[in-house]
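Novice: Mind looking over this structure? Questions follow.
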Amino acid sequence: MEESNRRLLRARDTMDRTYAQPLDIPALAQIACVSEAHFIRTFRATFGETPHRYLQRRRVERSMFLLRETDRRVTDICLDVGFSSLGTFSRTFSEILGQSPTDYRKRSDIKAVPTCFGMAWTRPSSFGEAAARQPL
Amino acid sequence: MLKSIIISHVWVLDQDQALDFYVGKLGLEVKQDLPLGFMRWLTVAVPGEPNREILLEQPGPPAMDEATAQTVRELISKGATGFTVGFTTDDCQKTYETLLAKGVEFTQEPVERFYGIDIGLRDPFGNHIRITQQTATPPA
């Protein structure tokens, strides 16, 4: 179990580093030393969500950072974090966070924290709480 | 009142492998390696900072039952133990290059932040470690 977890973690760390690139399941499965189908199945069993959803949340977390900390246009931020269309970005962002990127930018105010904590703790939840959350 | 931190704790899955990583790769030094019978008391420290040790402890019986130890091992190996330990360095880029050449697994290349330049890495078991080159005057 530990060996399998460790290999999956290695693949997940790769996703964290290369979040702006297209999701490459064959490459990630190779890092985890399993077949593509087995990778998706065991990733979900281990981390509670599919690799696709994990990557979406990582990208949304990065876009939240850029919306808060920069003046870049929403369209540019969308492309920066790896989404290929503004429509998909806005829909995914709103679905996960319960508000649009523009509204988020207007209301956000987060104090700076060390990188790893920002990445881990400002990442939006994956479990459908968006509708119930209060706007930030 | 409290005066200082003298010892912190990191779970490892194999103490020999931990020594190879924390001493052989990160450059820490062994402070205590005592076979107590019921456990191996193994601590390491940053050279020049002998009064702050890190205990490299292996989960297992009799301290905890095997099922609990298995849960701990699973959490470590899937990176769920969170941030484990942070070190400082005078030259983050050089440290990164040195450790990369030794085969250390990085989660983040050197990045400049408001508090300095830092890198993220994992030990062989999945623990998350950070190394920071702090700014001269840390923000308040």
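Here's how to read the names in the structure tokens: chain A, B, ... by the order shown, residue numbers from 1 in each chain, ligand numbers from 1 in the order shown.
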Considering only C-alpha atoms, return as a list of chain:residue names whatever protein or nucleic-acid residues lie within 6 Å of Gln133 of chain B, sequence-local ones (same chain, fewer than 6 positions apart) excluded.

Specialist: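 Skipping anything fewer than 6 positions along the chain leaves B:Thr88, B:Thr89, B:Asp90, B:Cys92, B:Gly116, B:Ile117.
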
Novice: Pull the helix (DSSP H, G or I) assignments for segment 56-128 of chain B out of DSSP run on the backbone, and list those residues as a list in words.

Specialist: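 Helix (DSSP H, G or I) assignments inside segment 56-128 of chain B correspond to Glu66, Ala67, Thr68, Ala69, Gln70, Thr71, Val72, Arg73, Glu74, Leu75, Ile76, Ser77, Cys92, Gln93, Lys94, Thr95, Tyr96, Glu97, Thr98, Leu99, Leu100 and Ala101 of chain B.
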
Novice: Could you please select, counting only C-alpha atoms, the residues of chain B within 7 Å of chain A and state them as a ChimeraX atom specification?

Specialist: /B:73-74,77-79,107-108,125-126

Novice: Take the residues that were just selected and, keeping C-alpha atoms, output them as a PDB file, in the first residue's frame.

Specialist:
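Here's the written file part_36.pdb:
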ATOM      1  CA  ARG B  73       2.235   4.580   7.052  1.00  0.00           C
ATOM      2  CA  GLU B  74      -0.540   5.082   4.519  1.00  0.00           C
ATOM      3  CA  SER B  77       3.073   7.767   1.883  1.00  0.00           C
ATOM      4  CA  LYS B  78       0.176   9.667   0.359  1.00  0.00           C
ATOM      5  CA  GLY B  79       1.497  12.998   1.608  1.00  0.00           C
ATOM      6  CA  THR B 107       7.860  19.370  -5.431  1.00  0.00           C
ATOM      7  CA  GLN B 108       8.872  22.931  -6.238  1.00  0.00           C
ATOM      8  CA  PHE B 125       8.538   8.275   2.401  1.00  0.00           C
ATOM      9  CA  GLY B 126       6.369  11.221   1.287  1.00  0.00           C
TER      10      GLY B 126
END

Novice: Using only C-alpha atoms for the distances, tell me which of A:Asp24, A:Asp71, A:Glu36, A:Glu61 is nearest to Gly118 of chain A.

Specialist: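 The answer is A:Glu61, which sits nearest to Gly118 of chain A.
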
Novice: Need the shell around Ile119 of chain B: protein/DNA/RNA residues with any atom at most 6 Å away, counting only C-alpha atoms. Skip same-chain ones fewer than 2 positions apart. Format as a ChimeraX atom specification?

Specialist: /B:108-110,130-131

Novice: May I have the residues from that selection written out with N, CA and C atoms, as a PDB file, in the first residue's frame?

Specialist:
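Wrote selection06.pdb, looks like this:
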ATOM      1  N   GLN B 108       8.842  21.557  -5.735  1.00  0.00           N
ATOM      2  CA  GLN B 108       8.872  22.931  -6.238  1.00  0.00           C
ATOM      3  C   GLN B 108      10.307  23.405  -6.431  1.00  0.00           C
ATOM      4  N   GLU B 109      10.562  23.950  -7.606  1.00  0.00           N
ATOM      5  CA  GLU B 109      11.869  24.538  -7.889  1.00  0.00           C
ATOM      6  C   GLU B 109      11.988  25.865  -7.120  1.00  0.00           C
ATOM      7  N   PRO B 110      13.186  26.475  -7.093  1.00  0.00           N
ATOM      8  CA  PRO B 110      13.324  27.745  -6.355  1.00  0.00           C
ATOM      9  C   PRO B 110      12.370  28.817  -6.884  1.00  0.00           C
ATOM     10  N   ARG B 130      10.571  21.807   3.397  1.00  0.00           N
ATOM     11  CA  ARG B 130      10.853  23.032   2.652  1.00  0.00           C
ATOM     12  C   ARG B 130      12.188  23.618   3.112  1.00  0.00           C
ATOM     13  N   ILE B 131      12.872  24.254   2.184  1.00  0.00           N
ATOM     14  CA  ILE B 131      14.143  24.915   2.485  1.00  0.00           C
ATOM     15  C   ILE B 131      14.027  26.349   1.986  1.00  0.00           C
TER      16      ILE B 131
END

Novice: So which one's closest to Arg122 of chain B, B:Gly24, B:Gly82, B:Gly60, B:Gly48? Using only C-alpha atoms, please.

Specialist: B:Gly82

Novice: Near Asp14 of chain B, within 9 Å and counting only C-alpha atoms, which residues show up once chain neighbours fewer than 4 positions away are dropped, as number ranges by chain?

Specialist: B: 18-19, 57-58, 125

Novice: Suppose we keep C-alpha atoms; can you now write the selection as a short mmCIF file (atom, residue, chain, number, x, y, z; two decimals), in the first residue's frame?

Specialist:
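The result, stored in result.cif:
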data_model
loop_
_atom_site.label_atom_id
_atom_site.label_comp_id
_atom_site.auth_asym_id
_atom_site.auth_seq_id
_atom_site.Cartn_x
_atom_site.Cartn_y
_atom_site.Cartn_z
CA ALA B 18 15.94 7.86 6.55
CA LEU B 19 19.61 8.13 7.53
CA GLU B 57 10.75 7.48 14.43
CA GLN B 58 9.26 4.42 12.82
CA PHE B 125 8.54 8.27 2.40
#

Novice: DSSP on the backbone: which residues in chain B end up as strand (DSSP E)? Give the answer as a PyMOL selection string.

Specialist: chain B and resi 7-11+29-35+40-45+53-57+83-88+105-113+116-122+128-134
